[in-house]
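Undergrad: See run.tsv below, with TSV, C-alpha atoms.
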chain	number	residue	atom	x	y	z
U	281	MET	CA	77.03	86.11	137.25
U	282	ILE	CA	73.70	87.19	135.77
U	283	LYS	CA	71.32	88.44	138.44
U	284	ALA	CA	68.84	90.38	136.28
U	285	VAL	CA	67.28	89.18	133.03
U	286	LEU	CA	66.00	91.93	130.75
U	287	PHE	CA	63.51	91.06	128.02
U	288	ASP	CA	62.76	92.81	124.78
U	289	LEU	CA	59.05	92.58	123.90
U	290	ASP	CA	58.31	92.44	120.15
U	291	GLY	CA	59.90	89.37	118.60
U	292	THR	CA	61.10	88.06	121.97
U	293	ILE	CA	58.04	87.67	124.20
U	294	ILE	CA	55.30	88.30	121.63
U	295	ASN	CA	54.85	87.85	117.89
U	296	SER	CA	53.42	91.27	117.09
U	297	GLU	CA	53.82	91.23	113.32
U	298	GLU	CA	50.09	91.33	112.53
U	299	GLY	CA	49.29	94.32	114.74
U	300	ILE	CA	52.33	96.40	113.85
U	301	THR	CA	52.18	95.89	110.09
U	302	LYS	CA	48.43	96.50	109.91
U	303	CYS	CA	48.86	99.74	111.84
U	304	VAL	CA	51.66	100.82	109.49
U	305	GLN	CA	49.34	100.13	106.54
U	306	TYR	CA	46.71	102.29	108.22
U	307	ALA	CA	49.19	105.14	108.70
U	308	LEU	CA	50.49	104.91	105.13
U	309	ARG	CA	46.98	105.06	103.67
U	310	ALA	CA	46.61	108.51	105.26
U	311	TYR	CA	49.37	109.61	102.84
U	312	GLY	CA	47.82	107.82	99.87
U	313	ILE	CA	50.32	104.97	100.03
U	314	ASP	CA	48.92	101.48	99.54
U	315	GLU	CA	51.20	98.67	100.70
U	316	PRO	CA	49.29	95.38	100.43
U	317	ASP	CA	52.31	93.19	101.20
U	318	ARG	CA	52.70	93.31	104.98
U	319	THR	CA	55.97	91.36	104.85
U	320	LYS	CA	57.58	94.49	103.41
U	321	LEU	CA	56.65	96.31	106.61
U	322	ARG	CA	58.49	93.98	109.00
U	323	CYS	CA	61.29	96.57	109.08
U	324	PHE	CA	59.04	98.61	111.39
U	325	ILE	CA	59.27	95.91	114.07
U	326	GLY	CA	62.02	96.67	116.54
U	327	PRO	CA	63.32	100.20	115.94
U	328	PRO	CA	61.56	103.50	116.72
U	329	LEU	CA	58.88	104.10	114.07
U	330	ASP	CA	59.56	107.68	112.92
U	331	PRO	CA	63.03	107.12	111.42
U	332	VAL	CA	61.70	104.13	109.45
U	333	PHE	CA	58.90	106.25	107.96
U	334	ARG	CA	61.55	108.82	106.96
U	335	GLU	CA	64.05	106.36	105.55
U	336	LYS	CA	61.68	103.96	103.79
U	337	TYR	CA	59.11	106.45	102.48
U	338	GLY	CA	61.08	109.68	102.22
U	339	MET	CA	58.93	111.52	104.74
U	340	THR	CA	59.97	114.74	106.41
U	341	GLU	CA	60.40	114.75	110.17
U	342	ALA	CA	56.96	116.34	110.59
U	343	GLU	CA	55.31	113.82	108.24
U	344	ALA	CA	56.98	110.93	110.04
U	345	TRP	CA	55.68	112.08	113.40
U	346	GLN	CA	52.20	112.54	111.93
U	347	SER	CA	52.44	108.99	110.62
U	348	VAL	CA	53.37	107.74	114.07
U	349	GLU	CA	50.32	109.51	115.50
U	350	LYS	CA	48.15	107.92	112.79
U	351	TYR	CA	49.69	104.53	113.58
U	352	ARG	CA	48.76	104.96	117.23
U	353	GLU	CA	45.13	105.70	116.34
U	354	ARG	CA	44.66	102.10	115.25
U	355	PHE	CA	47.27	100.53	117.52
U	356	ASP	CA	45.84	101.86	120.79
U	357	VAL	CA	42.37	100.52	119.97
U	358	LYS	CA	42.97	97.31	118.03
U	359	GLY	CA	46.53	96.64	116.94
U	360	ILE	CA	47.94	96.40	120.45
U	361	PHE	CA	46.36	93.01	121.03
U	362	GLU	CA	46.87	91.58	117.53
U	363	CYS	CA	49.74	89.50	118.86
U	364	SER	CA	50.50	86.20	120.56
U	365	LEU	CA	53.02	84.80	123.02
U	366	TYR	CA	55.85	82.74	121.61
U	367	ASP	CA	55.91	79.10	122.70
U	368	GLY	CA	57.55	78.53	126.06
U	369	VAL	CA	58.08	82.18	126.93
U	370	ARG	CA	55.52	82.35	129.74
U	371	GLU	CA	56.98	79.25	131.37
U	372	ALA	CA	60.54	80.58	131.08
U	373	ILE	CA	59.56	83.90	132.67
U	374	VAL	CA	57.90	82.06	135.55
U	375	ARG	CA	60.99	79.88	136.08
U	376	PHE	CA	63.37	82.85	135.97
U	377	ARG	CA	61.30	84.47	138.70
U	378	GLU	CA	61.20	81.26	140.75
U	379	HIS	CA	64.99	80.99	140.52
U	380	GLY	CA	65.43	84.43	142.00
U	381	TYR	CA	66.32	86.57	139.00
U	382	LEU	CA	65.22	90.18	138.88
U	383	LEU	CA	63.14	90.57	135.71
U	384	ALA	CA	62.70	93.71	133.63
U	385	LEU	CA	61.24	94.65	130.28
U	386	ALA	CA	63.16	96.97	127.97
U	387	SER	CA	61.26	97.84	124.78
U	388	SER	CA	61.18	100.60	122.18
U	389	LYS	CA	57.39	100.28	122.25
U	390	PRO	CA	55.68	102.99	124.35
U	391	GLU	CA	55.78	102.06	128.01
U	392	THR	CA	52.02	102.40	128.43
U	393	ALA	CA	51.52	99.85	125.65
U	394	CYS	CA	54.12	97.49	127.15
U	395	ARG	CA	52.25	97.43	130.43
U	396	ARG	CA	48.90	96.86	128.73
U	397	ILE	CA	50.29	93.94	126.74
U	398	LEU	CA	51.96	92.28	129.72
U	399	GLU	CA	48.76	92.71	131.73
U	400	HIS	CA	46.72	91.27	128.85
U	401	PHE	CA	48.83	88.10	128.96
U	402	ASP	CA	48.86	88.05	132.78
U	403	LEU	CA	52.64	88.58	132.89
U	404	LEU	CA	52.95	92.07	134.35
U	405	GLY	CA	53.29	90.81	137.92
U	406	TYR	CA	56.45	88.86	137.10
U	407	PHE	CA	58.41	91.99	136.15
U	408	ASP	CA	60.20	94.21	138.65
U	409	GLU	CA	60.59	97.01	136.11
U	410	VAL	CA	58.92	97.84	132.79
U	411	VAL	CA	60.58	100.47	130.65
U	412	GLY	CA	59.56	101.54	127.18
U	413	SER	CA	59.79	104.57	124.96
U	414	THR	CA	58.07	107.87	125.71
U	415	LEU	CA	55.31	109.26	123.53
U	416	ASP	CA	57.22	112.51	123.00
U	417	GLY	CA	60.25	110.70	121.59
U	418	SER	CA	62.63	111.75	124.37
U	419	ILE	CA	63.33	108.04	125.00
U	420	SER	CA	63.11	105.95	121.85
U	421	THR	CA	66.20	103.86	121.03
U	422	LYS	CA	67.05	100.65	122.87
U	423	ALA	CA	70.16	102.27	124.35
U	424	GLU	CA	68.03	105.13	125.73
U	425	VAL	CA	65.52	102.66	127.14
U	426	LEU	CA	68.32	100.74	128.85
U	427	GLU	CA	69.78	103.96	130.27
U	428	GLU	CA	66.39	104.75	131.81
U	429	LEU	CA	66.13	101.20	133.13
U	430	GLY	CA	69.56	101.60	134.71
U	431	ARG	CA	68.38	104.74	136.49
U	432	ARG	CA	65.31	102.98	137.86
U	433	MET	CA	67.33	99.95	138.97
U	434	ALA	CA	69.98	102.01	140.76
U	435	GLY	CA	68.64	100.96	144.15
U	436	SER	CA	68.98	97.25	143.35
U	437	HIS	CA	72.79	97.46	143.50
U	438	ILE	CA	73.06	95.11	140.53
U	439	GLY	CA	76.03	95.97	138.33
U	440	LYS	CA	76.06	96.07	134.54
U	441	ASN	CA	78.14	92.90	134.50
U	442	GLU	CA	75.20	91.18	136.18
U	443	LEU	CA	72.61	92.25	133.57
U	444	CYS	CA	71.71	90.42	130.39
U	445	LEU	CA	69.26	91.48	127.67
U	446	ILE	CA	67.36	88.88	125.64
U	447	GLY	CA	66.38	90.28	122.24
U	448	ASP	CA	65.69	89.37	118.65
U	449	THR	CA	67.17	92.14	116.49
U	450	LYS	CA	70.41	94.01	115.86
U	451	TYR	CA	68.84	96.98	117.65
U	452	ASP	CA	68.74	94.96	120.87
U	453	ALA	CA	72.31	93.75	120.52
U	454	ALA	CA	73.63	97.20	119.57
U	455	GLY	CA	71.67	98.88	122.36
U	456	ALA	CA	73.00	96.43	124.94
U	457	LYS	CA	76.55	96.94	123.66
U	458	ALA	CA	76.20	100.73	123.85
U	459	PHE	CA	74.88	100.44	127.42
U	460	GLY	CA	77.68	98.06	128.35
U	461	ILE	CA	75.74	94.86	129.11
U	462	ARG	CA	75.50	91.38	127.63
U	463	CYS	CA	72.93	90.38	125.01
U	464	ILE	CA	71.67	86.93	124.12
U	465	GLY	CA	69.81	86.75	120.84
U	466	VAL	CA	66.75	84.71	119.92
U	467	GLY	CA	66.47	83.58	116.32
U	468	TYR	CA	62.70	83.05	116.26
U	469	GLY	CA	61.84	86.77	116.10
U	470	PHE	CA	62.40	89.41	113.45
U	471	GLY	CA	66.18	89.58	113.15
U	472	THR	CA	68.74	87.12	111.85
U	473	ARG	CA	71.49	85.24	113.64
U	474	GLU	CA	74.09	86.97	111.48
U	475	GLU	CA	72.75	90.46	112.27
U	476	LEU	CA	72.57	89.74	115.99
U	477	LEU	CA	76.12	88.41	116.20
U	478	ALA	CA	77.49	91.24	114.07
U	479	ALA	CA	75.83	93.78	116.38
U	480	GLY	CA	77.34	92.25	119.51
U	481	ALA	CA	75.14	89.39	120.74
U	482	GLU	CA	77.29	86.79	122.48
U	483	ALA	CA	75.09	83.86	121.41
U	484	VAL	CA	71.88	83.20	119.47
U	485	PHE	CA	69.35	80.47	120.20
U	486	TYR	CA	66.13	79.44	118.47
U	487	ARG	CA	64.18	78.35	121.55
U	488	ILE	CA	63.67	80.33	124.75
U	489	GLU	CA	64.43	77.19	126.76
U	490	GLU	CA	67.94	77.21	125.26
U	491	VAL	CA	68.41	80.81	126.40
U	492	GLU	CA	67.23	79.85	129.87
U	493	ALA	CA	69.67	76.92	130.03
U	494	TYR	CA	72.52	79.15	128.84
U	495	ILE	CA	71.87	81.69	131.60
U	496	GLU	CA	71.44	79.01	134.26
U	497	ASN	CA	74.66	77.34	133.10
U	498	ASP	CA	76.42	80.69	133.36
U	499	ALA	CA	75.25	80.97	136.96
U	500	ALA	CA	76.38	77.42	137.70
U	501	LYS	CA	79.87	78.06	136.30
U	502	GLU	CA	80.15	81.23	138.36
U	503	GLY	CA	79.13	79.32	141.45
U	504	GLU	CA	81.82	76.70	140.82
U	505	ALA	CA	84.42	79.44	140.36
U	506	GLU	CA	83.56	80.88	143.76
Would you mind giving the structure from this file in structure tokens?

TA:
Amino acid sequence: MIKAVLFDLDGTIINSEEGITKCVQYALRAYGIDEPDRTKLRCFIGPPLDPVFREKYGMTEAEAWQSVEKYRERFDVKGIFECSLYDGVREAIVRFREHGYLLALASSKPETACRRILEHFDLLGYFDEVVGSTLDGSISTKAEVLEELGRRMAGSHIGKNELCLIGDTKYDAAGAKAFGIRCIGVGYGFGTREELLAAGAEAVFYRIEEVEAYIENDAAKEGEAE
């Protein structure tokens, strides 16, 4: 039975495409790279940034980290709030809380930024834990974020079989699988249904209300079994 619902942030709670892609453009221009088509930069949404700079633009490790620092120059001031809540997400979070679920955020975005964004949308108070990446890169992948979340939740006595991550990309599904918990995918974000299922998501829905119903139905079936 699911007792704790873990949310990804980008592509699950917020549509952050504008802010992220504009900040990537800003970082690339520092290297003389002009990328006018922001749709080509959607690959930066979800995973840690530095490996994408290396893989997509052939940067060295040092150049990639410098690009991340450049990205943060714009993101911390402007890009962070160039985003919007997806339809129905606020209401679903409120209902999950009202129904007694422990709520946590697990994002590859820096934790300080996660908290600022949730506070901006007046959602921070609904979450029992907020875990993101660290600025020094020591925690960056979704699996590492979930491991840290597990450490912080140790006192809750909620087992891994009682956790479920809601996310929109293969990185969420793969991270949940590596950590040993369930993942439900949302198809309205930045990944595809096929990628999510291939990476280990047990189901994919296109509306957050459908995810909510799936989790509530899971709880109901468990209650009947008892």

Undergrad: Which one of U:Ala434, U:Ile461, U:Ala423, U:Leu403 sits closest to Glu371 (chain U) if you count only C-alpha atoms?

TA: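 Checking each candidate against Glu371 (chain U), we get U:Leu403 as the closest.
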
Undergrad: Using all atoms listed in the file, what table do you get, as a tab-separated table, when you list each residue of region 463-502 of chain U with an atom no more than 10 Å from region 312-334 of chain U, its nearest pair of atoms, and their distance in Å rounded to one decimal, rows by chain then rising number?

TA:
residue	atom	partner	partner_atom	distance
U:Gly469	CA	U:Ile325	CA	9.7
U:Phe470	CA	U:Ile325	CA	7.2
U:Gly471	CA	U:Gly326	CA	8.9

Undergrad: Calculated over only C-alpha atoms, which of the candidates U:Glu482, U:Glu475, U:Glu424, U:Asp416 has the smallest distance to Gly455 (chain U)?

TA: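 Closest to Gly455 (chain U) of all the choices is U:Glu424.
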
Undergrad: Taking into account only C-alpha atoms, which residue in the set U:Ile373, U:Leu382, U:Ile419, U:Ala393 is nearest to Phe355 (chain U)?

TA: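 When distances to Phe355 (chain U) are compared using only C-alpha atoms, the smallest one comes from U:Ala393.
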
Undergrad: Have a look at CA of Gly435 (chain U) and CA of Ala456 (chain U) and let me know their distance in Å, one decimal.

TA: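 Calculated distance between CA of Gly435 (chain U) and CA of Ala456 (chain U) is 20.2 Å.
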
Undergrad: Using all atoms listed in the file for the distances, tell me which of U:Ala479, U:Leu385, U:Ile464, U:Leu365 is nearest to Gly291 (chain U).

TA: U:Leu365

Undergrad: Figure out the distance between CA of Gly467 (chain U) and CA of Asp448 (chain U), please, to one decimal in Å.

TA: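 Pair CA of Asp448 (chain U) / CA of Gly467 (chain U) returns 6.3 Å.
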
Undergrad: Any idea what the distance is between CA of Gly430 (chain U) and CA of Gly412 (chain U)?

TA: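 Separation between CA of Gly430 (chain U) and CA of Gly412 (chain U): 12.5 Å.
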
Undergrad: Can you tell me which residues surround Glu362 (chain U) at a distance of at most 10 Å, considering all atoms listed in the file, apart from same-chain residues fewer than 4 positions away, and format the answer as a ChimeraX atom specification?

TA: /U:294-300,302,355,358

Undergrad: Would you list the contacts of Tyr351 (chain U) as a ChimeraX atom specification, taking every protein, DNA or RNA residue within 9 Å and counting all atoms listed in the file, but skipping same-chain residues closer than 4 positions in sequence?

TA: /U:300,302-308,346-347,355-356

Undergrad: Between U:Tyr486, U:Val425, U:Gly447, U:Ala386, single out the one closest to Val410 (chain U), counting all atoms listed in the file.

TA: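 Answer, going by the shortest atom-to-atom distance: U:Ala386.
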
Undergrad: Reconstruct region 346-357 of chain U at the level of all heavy atoms, and format the result as a JSON list (two decimals), keeping the file's coordinate frame.

TA:
[["chain", "number", "residue", "atom", "x", "y", "z"],
["U", 346, "GLN", "N", 53.63, 112.64, 112.20],
["U", 346, "GLN", "CA", 52.20, 112.54, 111.93],
["U", 346, "GLN", "C", 51.81, 111.10, 111.62],
["U", 346, "GLN", "O", 50.73, 110.64, 112.03],
["U", 346, "GLN", "CB", 51.82, 113.47, 110.78],
["U", 346, "GLN", "CG", 51.87, 114.95, 111.15],
["U", 346, "GLN", "CD", 51.77, 115.86, 109.94],
["U", 346, "GLN", "OE1", 51.64, 115.40, 108.81],
["U", 346, "GLN", "NE2", 51.83, 117.17, 110.17],
["U", 347, "SER", "N", 52.70, 110.39, 110.93],
["U", 347, "SER", "CA", 52.44, 108.99, 110.62],
["U", 347, "SER", "C", 52.45, 108.14, 111.88],
["U", 347, "SER", "O", 51.65, 107.20, 112.02],
["U", 347, "SER", "CB", 53.48, 108.47, 109.62],
["U", 347, "SER", "OG", 53.35, 109.12, 108.38],
["U", 348, "VAL", "N", 53.34, 108.45, 112.79],
["U", 348, "VAL", "CA", 53.37, 107.74, 114.07],
["U", 348, "VAL", "C", 52.07, 107.97, 114.83],
["U", 348, "VAL", "O", 51.48, 107.04, 115.40],
["U", 348, "VAL", "CB", 54.58, 108.19, 114.92],
["U", 348, "VAL", "CG1", 54.48, 107.59, 116.33],
["U", 348, "VAL", "CG2", 55.89, 107.78, 114.26],
["U", 349, "GLU", "N", 51.58, 109.21, 114.83],
["U", 349, "GLU", "CA", 50.32, 109.51, 115.50],
["U", 349, "GLU", "C", 49.16, 108.76, 114.84],
["U", 349, "GLU", "O", 48.26, 108.26, 115.53],
["U", 349, "GLU", "CB", 50.05, 111.02, 115.45],
["U", 349, "GLU", "CG", 50.99, 111.84, 116.32],
["U", 349, "GLU", "CD", 50.91, 111.47, 117.79],
["U", 349, "GLU", "OE1", 49.77, 111.30, 118.28],
["U", 349, "GLU", "OE2", 51.95, 111.33, 118.43],
["U", 350, "LYS", "N", 49.19, 108.67, 113.52],
["U", 350, "LYS", "CA", 48.15, 107.92, 112.79],
["U", 350, "LYS", "C", 48.23, 106.43, 113.14],
["U", 350, "LYS", "O", 47.22, 105.77, 113.37],
["U", 350, "LYS", "CB", 48.34, 108.13, 111.28],
["U", 350, "LYS", "CG", 47.08, 107.87, 110.47],
["U", 350, "LYS", "CD", 46.04, 108.94, 110.75],
["U", 350, "LYS", "CE", 44.75, 108.68, 109.97],
["U", 350, "LYS", "NZ", 43.69, 109.64, 110.34],
["U", 351, "TYR", "N", 49.45, 105.92, 113.19],
["U", 351, "TYR", "CA", 49.69, 104.53, 113.58],
["U", 351, "TYR", "C", 49.06, 104.25, 114.94],
["U", 351, "TYR", "O", 48.38, 103.24, 115.13],
["U", 351, "TYR", "CB", 51.20, 104.30, 113.61],
["U", 351, "TYR", "CG", 51.66, 102.99, 114.20],
["U", 351, "TYR", "CD1", 52.00, 101.91, 113.40],
["U", 351, "TYR", "CD2", 51.78, 102.82, 115.59],
["U", 351, "TYR", "CE1", 52.44, 100.71, 113.93],
["U", 351, "TYR", "CE2", 52.21, 101.62, 116.14],
["U", 351, "TYR", "CZ", 52.54, 100.58, 115.30],
["U", 351, "TYR", "OH", 52.97, 99.39, 115.85],
["U", 352, "ARG", "N", 49.27, 105.16, 115.87],
["U", 352, "ARG", "CA", 48.76, 104.96, 117.23],
["U", 352, "ARG", "C", 47.25, 104.99, 117.31],
["U", 352, "ARG", "O", 46.66, 104.39, 118.22],
["U", 352, "ARG", "CB", 49.37, 106.02, 118.17],
["U", 352, "ARG", "CG", 50.85, 105.80, 118.46],
["U", 352, "ARG", "CD", 51.45, 106.94, 119.25],
["U", 352, "ARG", "NE", 52.86, 106.71, 119.51],
["U", 352, "ARG", "CZ", 53.72, 107.67, 119.85],
["U", 352, "ARG", "NH1", 53.30, 108.93, 119.99],
["U", 352, "ARG", "NH2", 54.99, 107.39, 120.07],
["U", 353, "GLU", "N", 46.60, 105.68, 116.36],
["U", 353, "GLU", "CA", 45.13, 105.70, 116.34],
["U", 353, "GLU", "C", 44.58, 104.28, 116.29],
["U", 353, "GLU", "O", 43.67, 103.92, 117.03],
["U", 353, "GLU", "CB", 44.63, 106.47, 115.12],
["U", 353, "GLU", "CG", 44.63, 107.97, 115.24],
["U", 353, "GLU", "CD", 44.05, 108.64, 114.01],
["U", 353, "GLU", "OE1", 43.48, 107.93, 113.13],
["U", 353, "GLU", "OE2", 44.17, 109.86, 113.91],
["U", 354, "ARG", "N", 45.15, 103.48, 115.40],
["U", 354, "ARG", "CA", 44.66, 102.10, 115.25],
["U", 354, "ARG", "C", 45.28, 101.19, 116.31],
["U", 354, "ARG", "O", 44.60, 100.32, 116.86],
["U", 354, "ARG", "CB", 44.99, 101.56, 113.86],
["U", 354, "ARG", "CG", 44.40, 100.16, 113.62],
["U", 354, "ARG", "CD", 44.81, 99.58, 112.27],
["U", 354, "ARG", "NE", 44.11, 98.34, 112.02],
["U", 354, "ARG", "CZ", 44.46, 97.15, 112.54],
["U", 354, "ARG", "NH1", 45.51, 97.06, 113.34],
["U", 354, "ARG", "NH2", 43.75, 96.07, 112.25],
["U", 355, "PHE", "N", 46.57, 101.42, 116.59],
["U", 355, "PHE", "CA", 47.27, 100.53, 117.52],
["U", 355, "PHE", "C", 46.64, 100.56, 118.91],
["U", 355, "PHE", "O", 46.42, 99.51, 119.51],
["U", 355, "PHE", "CB", 48.75, 100.93, 117.61],
["U", 355, "PHE", "CG", 49.54, 100.03, 118.53],
["U", 355, "PHE", "CD1", 50.01, 98.81, 118.08],
["U", 355, "PHE", "CD2", 49.79, 100.39, 119.84],
["U", 355, "PHE", "CE1", 50.72, 97.96, 118.92],
["U", 355, "PHE", "CE2", 50.50, 99.56, 120.70],
["U", 355, "PHE", "CZ", 50.96, 98.34, 120.22],
["U", 356, "ASP", "N", 46.35, 101.73, 119.42],
["U", 356, "ASP", "CA", 45.84, 101.86, 120.79],
["U", 356, "ASP", "C", 44.48, 101.20, 120.97],
["U", 356, "ASP", "O", 44.13, 100.81, 122.09],
["U", 356, "ASP", "CB", 45.76, 103.33, 121.20],
["U", 356, "ASP", "CG", 47.13, 103.95, 121.41],
["U", 356, "ASP", "OD1", 48.11, 103.19, 121.54],
["U", 356, "ASP", "OD2", 47.22, 105.19, 121.43],
["U", 357, "VAL", "N", 43.73, 101.08, 119.89],
["U", 357, "VAL", "CA", 42.37, 100.52, 119.97],
["U", 357, "VAL", "C", 42.35, 99.04, 119.60],
["U", 357, "VAL", "O", 41.72, 98.22, 120.28],
["U", 357, "VAL", "CB", 41.41, 101.30, 119.04],
["U", 357, "VAL", "CG1", 40.03, 100.64, 119.03],
["U", 357, "VAL", "CG2", 41.31, 102.74, 119.49]]
